[in-house]
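Data file: entry19.pdb. Format and content: PDB, C-alpha atoms, pLDDT in the B column.
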```
ATOM      1  CA  MET J  26     -90.298 -69.080 129.419  1.00 43.00           C
ATOM      2  CA  LYS J  27     -93.814 -70.448 129.362  1.00 46.00           C
ATOM      3  CA  HIS J  28     -96.336 -68.954 131.799  1.00 46.00           C
ATOM      4  CA  ALA J  29     -97.258 -71.019 134.831  1.00 50.00           C
ATOM      5  CA  HIS J  30    -100.164 -73.359 134.364  1.00 53.00           C
ATOM      6  CA  PRO J  31    -103.250 -72.167 136.297  1.00 54.00           C
ATOM      7  CA  LEU J  32    -103.300 -75.440 138.256  1.00 56.00           C
ATOM      8  CA  ALA J  33     -99.843 -74.650 139.624  1.00 59.00           C
ATOM      9  CA  ASP J  34    -101.476 -72.148 141.999  1.00 73.00           C
ATOM     10  CA  THR J  35    -104.232 -74.221 143.594  1.00 88.00           C
ATOM     11  CA  ALA J  36    -104.219 -75.118 147.297  1.00 92.00           C
ATOM     12  CA  ILE J  37    -103.290 -78.702 146.393  1.00 92.00           C
ATOM     13  CA  ALA J  38    -100.414 -77.590 144.146  1.00 91.00           C
ATOM     14  CA  ARG J  39     -99.117 -75.229 146.853  1.00 91.00           C
ATOM     15  CA  TRP J  40     -99.288 -78.062 149.406  1.00 93.00           C
ATOM     16  CA  LEU J  41     -97.385 -80.441 147.103  1.00 93.00           C
ATOM     17  CA  MET J  42     -94.812 -77.742 146.334  1.00 91.00           C
ATOM     18  CA  SER J  43     -94.292 -77.076 150.047  1.00 91.00           C
ATOM     19  CA  SER J  44     -91.681 -79.833 149.863  1.00 89.00           C
ATOM     20  CA  SER J  45     -89.670 -77.878 147.302  1.00 88.00           C
ATOM     21  CA  GLN J  46     -87.007 -75.347 148.157  1.00 86.00           C
ATOM     22  CA  VAL J  47     -87.612 -73.740 144.755  1.00 89.00           C
ATOM     23  CA  PRO J  48     -91.351 -73.932 143.938  1.00 88.00           C
ATOM     24  CA  SER J  49     -90.840 -71.933 140.733  1.00 91.00           C
ATOM     25  CA  ILE J  50     -89.044 -74.939 139.198  1.00 92.00           C
ATOM     26  CA  ALA J  51     -92.027 -77.189 139.980  1.00 91.00           C
ATOM     27  CA  ARG J  52     -94.385 -74.591 138.486  1.00 91.00           C
ATOM     28  CA  GLU J  53     -92.279 -74.464 135.320  1.00 93.00           C
ATOM     29  CA  ASP J  54     -92.171 -78.267 135.038  1.00 93.00           C
ATOM     30  CA  TRP J  55     -95.955 -78.446 135.409  1.00 92.00           C
ATOM     31  CA  ALA J  56     -96.415 -75.622 132.868  1.00 91.00           C
ATOM     32  CA  TYR J  57     -94.548 -77.772 130.328  1.00 91.00           C
ATOM     33  CA  GLY J  58     -96.514 -80.886 131.304  1.00 89.00           C
ATOM     34  CA  ARG J  59     -93.539 -82.517 133.028  1.00 92.00           C
ATOM     35  CA  PRO J  60     -93.659 -84.076 136.491  1.00 94.00           C
ATOM     36  CA  ALA J  61     -92.097 -81.860 139.147  1.00 94.00           C
ATOM     37  CA  LEU J  62     -89.272 -83.503 141.083  1.00 94.00           C
ATOM     38  CA  LEU J  63     -90.289 -82.953 144.715  1.00 95.00           C
ATOM     39  CA  ARG J  64     -88.690 -84.047 147.973  1.00 95.00           C
ATOM     40  CA  THR J  65     -90.319 -86.788 150.001  1.00 96.00           C
ATOM     41  CA  GLY J  66     -90.336 -86.685 153.777  1.00 95.00           C
ATOM     42  CA  VAL J  67     -91.749 -83.146 154.006  1.00 93.00           C
ATOM     43  CA  ALA J  68     -95.427 -83.031 152.943  1.00 95.00           C
ATOM     44  CA  PHE J  69     -95.563 -86.771 152.225  1.00 96.00           C
ATOM     45  CA  ASP J  70     -93.601 -90.002 152.014  1.00 97.00           C
ATOM     46  CA  ALA J  71     -94.200 -92.355 149.076  1.00 97.00           C
ATOM     47  CA  VAL J  72     -94.568 -96.148 149.047  1.00 97.00           C
ATOM     48  CA  LYS J  73     -93.089 -97.517 145.804  1.00 97.00           C
ATOM     49  CA  MET J  74     -95.431-100.410 144.957  1.00 97.00           C
ATOM     50  CA  PRO J  75     -94.589-103.008 142.284  1.00 96.00           C
ATOM     51  CA  ARG J  76     -97.094-103.024 139.436  1.00 96.00           C
ATOM     52  CA  GLU J  77     -97.511-106.815 139.628  1.00 96.00           C
ATOM     53  CA  LEU J  78     -98.616-106.695 143.283  1.00 97.00           C
ATOM     54  CA  VAL J  79    -101.012-103.797 142.687  1.00 98.00           C
ATOM     55  CA  HIS J  80    -102.600-105.512 139.681  1.00 97.00           C
ATOM     56  CA  ALA J  81    -102.895-108.808 141.575  1.00 97.00           C
ATOM     57  CA  ALA J  82    -104.531-107.053 144.551  1.00 97.00           C
ATOM     58  CA  ALA J  83    -106.957-105.255 142.223  1.00 97.00           C
ATOM     59  CA  ALA J  84    -107.504-108.508 140.276  1.00 96.00           C
ATOM     60  CA  SER J  85    -107.059-106.478 137.093  1.00 96.00           C
ATOM     61  CA  SER J  86    -104.577-104.564 134.974  1.00 95.00           C
ATOM     62  CA  ASP J  87    -107.312-102.370 133.484  1.00 95.00           C
ATOM     63  CA  PRO J  88    -106.444 -98.768 134.475  1.00 95.00           C
ATOM     64  CA  ALA J  89    -110.019 -97.818 135.429  1.00 95.00           C
ATOM     65  CA  THR J  90    -110.476-100.951 137.545  1.00 97.00           C
ATOM     66  CA  VAL J  91    -107.104-100.512 139.255  1.00 97.00           C
ATOM     67  CA  SER J  92    -107.861 -96.837 139.920  1.00 96.00           C
ATOM     68  CA  ALA J  93    -111.246 -97.644 141.480  1.00 97.00           C
ATOM     69  CA  ALA J  94    -109.758-100.397 143.646  1.00 97.00           C
ATOM     70  CA  LEU J  95    -106.904 -98.206 144.874  1.00 98.00           C
ATOM     71  CA  ALA J  96    -109.234 -95.296 145.636  1.00 97.00           C
ATOM     72  CA  GLU J  97    -111.529 -97.545 147.655  1.00 96.00           C
ATOM     73  CA  VAL J  98    -108.830 -99.429 149.575  1.00 96.00           C
ATOM     74  CA  LEU J  99    -106.174 -96.758 150.152  1.00 97.00           C
ATOM     75  CA  GLY J 100    -108.248 -93.602 150.577  1.00 93.00           C
ATOM     76  CA  GLY J 101    -105.575 -91.277 149.233  1.00 97.00           C
ATOM     77  CA  PRO J 102    -103.541 -90.213 146.196  1.00 98.00           C
ATOM     78  CA  VAL J 103    -101.633 -92.705 144.046  1.00 98.00           C
ATOM     79  CA  ILE J 104     -99.307 -91.975 141.136  1.00 98.00           C
ATOM     80  CA  CYS J 105     -98.844 -94.442 138.278  1.00 97.00           C
ATOM     81  CA  GLN J 106     -95.536 -94.718 136.488  1.00 95.00           C
ATOM     82  CA  PRO J 107     -96.788 -96.828 133.547  1.00 92.00           C
ATOM     83  CA  GLY J 108     -95.251-100.239 133.099  1.00 90.00           C
ATOM     84  CA  THR J 109     -93.318-100.216 136.359  1.00 93.00           C
ATOM     85  CA  TRP J 110     -94.535 -98.735 139.648  1.00 96.00           C
ATOM     86  CA  TYR J 111     -97.341 -97.169 141.585  1.00 98.00           C
ATOM     87  CA  TYR J 112     -96.566 -94.668 144.344  1.00 98.00           C
ATOM     88  CA  ALA J 113     -98.990 -94.274 147.254  1.00 98.00           C
ATOM     89  CA  LEU J 114     -98.511 -90.933 148.997  1.00 98.00           C
ATOM     90  CA  VAL J 115     -98.500 -91.527 152.746  1.00 97.00           C
ATOM     91  CA  PRO J 116     -97.867 -89.334 155.800  1.00 97.00           C
ATOM     92  CA  PRO J 117     -94.333 -88.056 156.400  1.00 96.00           C
ATOM     93  CA  GLY J 118     -92.513 -90.324 158.836  1.00 95.00           C
ATOM     94  CA  THR J 119     -93.982 -93.520 157.353  1.00 95.00           C
ATOM     95  CA  CYS J 120     -90.520 -94.463 156.131  1.00 91.00           C
ATOM     96  CA  ALA J 121     -89.234 -94.821 159.701  1.00 91.00           C
ATOM     97  CA  ALA J 122     -92.093 -97.141 160.749  1.00 90.00           C
ATOM     98  CA  TRP J 123     -92.518 -99.163 157.519  1.00 93.00           C
ATOM     99  CA  ARG J 124     -92.228-102.919 158.095  1.00 89.00           C
ATOM    100  CA  SER J 125     -93.487-104.537 154.874  1.00 91.00           C
ATOM    101  CA  PRO J 126     -90.771-106.279 152.818  1.00 93.00           C
ATOM    102  CA  LEU J 127     -92.987-105.975 149.712  1.00 94.00           C
ATOM    103  CA  ALA J 128     -92.240-102.309 148.992  1.00 94.00           C
ATOM    104  CA  VAL J 129     -89.892 -99.529 149.955  1.00 92.00           C
ATOM    105  CA  VAL J 130     -90.823 -96.084 151.203  1.00 95.00           C
ATOM    106  CA  ARG J 131     -89.198 -92.904 150.011  1.00 94.00           C
ATOM    107  CA  GLY J 132     -88.962 -90.616 152.995  1.00 94.00           C
ATOM    108  CA  GLU J 133     -86.637 -87.855 154.108  1.00 92.00           C
ATOM    109  CA  GLY J 134     -83.902 -87.331 151.525  1.00 91.00           C
ATOM    110  CA  GLY J 135     -85.834 -88.960 148.694  1.00 94.00           C
ATOM    111  CA  TRP J 136     -87.351 -87.482 145.554  1.00 94.00           C
ATOM    112  CA  LEU J 137     -90.395 -88.277 143.437  1.00 95.00           C
ATOM    113  CA  GLY J 138     -91.734 -87.026 140.115  1.00 95.00           C
ATOM    114  CA  ILE J 139     -95.149 -85.521 140.882  1.00 95.00           C
ATOM    115  CA  PRO J 140     -97.494 -84.951 137.924  1.00 96.00           C
ATOM    116  CA  ARG J 141     -99.623 -81.824 137.658  1.00 93.00           C
ATOM    117  CA  GLU J 142    -102.889 -82.438 139.491  1.00 92.00           C
ATOM    118  CA  ASP J 143    -104.975 -82.539 136.296  1.00 92.00           C
ATOM    119  CA  GLN J 144    -102.866 -85.324 134.753  1.00 93.00           C
ATOM    120  CA  THR J 145    -105.293 -88.112 135.600  1.00 93.00           C
ATOM    121  CA  GLU J 146    -105.781 -89.916 132.299  1.00 92.00           C
ATOM    122  CA  PRO J 147    -103.968 -93.236 131.832  1.00 89.00           C
ATOM    123  CA  HIS J 148    -100.993 -92.826 129.537  1.00 85.00           C
ATOM    124  CA  ALA J 149     -98.628 -95.342 127.935  1.00 85.00           C
ATOM    125  CA  VAL J 150     -95.446 -93.669 129.183  1.00 87.00           C
ATOM    126  CA  ALA J 151     -96.195 -90.465 131.122  1.00 91.00           C
ATOM    127  CA  THR J 152     -96.645 -90.433 134.887  1.00 95.00           C
ATOM    128  CA  TYR J 153    -100.213 -89.665 135.967  1.00 96.00           C
ATOM    129  CA  TRP J 154    -102.482 -89.679 139.020  1.00 97.00           C
ATOM    130  CA  THR J 155    -104.363 -92.985 139.029  1.00 96.00           C
ATOM    131  CA  VAL J 156    -106.022 -91.709 142.228  1.00 97.00           C
ATOM    132  CA  PRO J 157    -105.896 -87.890 142.245  1.00 95.00           C
ATOM    133  CA  VAL J 158    -105.187 -85.752 145.295  1.00 94.00           C
ATOM    134  CA  SER J 159    -108.616 -84.766 146.597  1.00 92.00           C
ATOM    135  CA  GLN J 160    -107.646 -82.501 149.496  1.00 92.00           C
ATOM    136  CA  VAL J 161    -104.657 -80.773 151.027  1.00 93.00           C
ATOM    137  CA  GLY J 162    -102.958 -83.226 153.364  1.00 93.00           C
ATOM    138  CA  GLY J 163    -105.197 -86.115 152.297  1.00 94.00           C
ATOM    139  CA  LEU J 164    -102.895 -89.145 152.141  1.00 97.00           C
ATOM    140  CA  CYS J 165    -103.109 -92.938 151.990  1.00 98.00           C
ATOM    141  CA  ASP J 166    -103.261 -95.017 155.164  1.00 96.00           C
ATOM    142  CA  PRO J 167     -99.890 -96.841 155.419  1.00 97.00           C
ATOM    143  CA  ASP J 168    -101.536 -99.912 157.014  1.00 96.00           C
ATOM    144  CA  ALA J 169    -103.980-100.123 154.095  1.00 97.00           C
ATOM    145  CA  VAL J 170    -101.042 -99.884 151.659  1.00 97.00           C
ATOM    146  CA  ALA J 171     -99.207-102.732 153.429  1.00 97.00           C
ATOM    147  CA  GLU J 172    -102.396-104.840 153.414  1.00 97.00           C
ATOM    148  CA  LEU J 173    -102.969-104.187 149.694  1.00 97.00           C
ATOM    149  CA  LEU J 174     -99.433-105.382 148.970  1.00 97.00           C
ATOM    150  CA  ARG J 175     -99.921-108.461 151.174  1.00 96.00           C
ATOM    151  CA  VAL J 176    -103.135-109.363 149.322  1.00 96.00           C
ATOM    152  CA  GLY J 177    -101.388-108.882 145.967  1.00 97.00           C
ATOM    153  CA  ARG J 178     -98.509-111.120 147.033  1.00 96.00           C
ATOM    154  CA  GLU J 179    -100.893-113.800 148.312  1.00 95.00           C
ATOM    155  CA  ARG J 180    -102.825-113.776 145.036  1.00 94.00           C
ATOM    156  CA  LEU J 181     -99.597-114.135 143.053  1.00 92.00           C
ATOM    157  CA  ASP J 182     -98.231-116.876 145.299  1.00 87.00           C
ATOM    158  CA  PRO J 183    -100.829-118.628 147.488  1.00 77.00           C
ATOM    159  CA  THR J 184     -98.052-120.444 149.373  1.00 78.00           C
ATOM    160  CA  THR J 185     -97.276-117.150 151.171  1.00 69.00           C
ATOM    161  CA  ARG J 186    -100.445-117.378 153.291  1.00 62.00           C
ATOM    162  CA  PRO J 187     -99.750-117.267 157.017  1.00 59.00           C
TER     163      PRO J 187
END
```
In structure tokens, what does this structure look like?
Amino acid sequence: MKHAHPLADTAIARWLMSSSQVPSIAREDWAYGRPALLRTGVAFDAVKMPRELVHAAAASSDPATVSAALAEVLGGPVICQPGTWYYALVPPGTCAAWRSPLAVVRGEGGWLGIPREDQTEPHAVATYWTVPVSQVGGLCDPDAVAELLRVGRERLDPTTRP
């Protein structure tokens, strides 16, 4: 077995792993460079955002531009699953109050592949942090996430304006 990666024992890693019943499995996944499958609804919920809406809201598909826009607008960590989805980490309980039809929230009973905190470089196929976790408990504002999605939808289809 490979030794745990040093980043698997930071305060941020411990906070993320607090949603796991078996943190050693997450540590092992991160040691091998794999995302750790962690439960949502404990330390965080996750809004699964369609790539097309995120890129439209950011007015770009360039990874650096999208990352900067998401960091500015959402104020919290975002995971990119290249070619498909972005996941904004939001406070636990967001799932119960979520009202936007433009995305779904993974809450209690859900799971999400969480990359090691140093996996921040855009990659063609591997999951990475497009906006890294900057502090323990620091999450995206759900209202800002819903507004970002609304803006993206409006830019894709101007007939959706209220």
**OP:** Check which residues satisfy the PyMOL selection byres ((chain J and resi 69) around 6) in the file shown, then give them as a PyMOL selection string.
**Re:** chain J and resi 65-68+70+115-117
**OP:** Excluding Ala94 in chain J and residues on its chain fewer than 2 positions from it, collect all residues at most 12 Å away from it, counting all atoms listed in the file, and give them as a PyMOL selection string.
**Re:** chain J and resi 79-92+96-101+103+155-156+169-170+173
Original post:
Which polymer residues have any atom within 9 Å of an atom of Leu181 in chain J, counting all atoms listed in the file, with same-chain residues fewer than 4 positions away left out, as an MDAnalysis selection string?
Top reply: chainID J and resid 77:78 81:82 176:177 185
Would you export the selected residues with C-alpha atoms as a PDB file, in the coordinates of the input, please?
```
ATOM      1  CA  GLU J  77     -97.511-106.815 139.628  1.00 96.00           C
ATOM      2  CA  LEU J  78     -98.616-106.695 143.283  1.00 97.00           C
ATOM      3  CA  ALA J  81    -102.895-108.808 141.575  1.00 97.00           C
ATOM      4  CA  ALA J  82    -104.531-107.053 144.551  1.00 97.00           C
ATOM      5  CA  VAL J 176    -103.135-109.363 149.322  1.00 96.00           C
ATOM      6  CA  GLY J 177    -101.388-108.882 145.967  1.00 97.00           C
ATOM      7  CA  THR J 185     -97.276-117.150 151.171  1.00 69.00           C
TER       8      THR J 185
END
```
Subject >> d(CA of Met42 in chain J, CA of Thr109 in chain J) in Å >> reply: 24.6 Å
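Evaluated against this file, the PyMOL selection byres ((chain J and resi 60) around 10) yields J:Ala51, J:Arg52, J:Glu53, J:Asp54, J:Trp55, J:Ala56, J:Tyr57, J:Gly58, J:Arg59, J:Ala61, J:Leu62, J:Leu63, J:Leu137, J:Gly138, J:Ile139, J:Pro140, J:Arg141, J:Glu142, J:Gln144, J:Ala151, J:Thr152, J:Tyr153.
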**OP:** Point out the residue among J:Leu95, J:Leu114, J:Val158, J:Leu174 with the least atom-to-atom distance to Thr145 in chain J, counting all atoms listed in the file.
**Re:** J:Val158
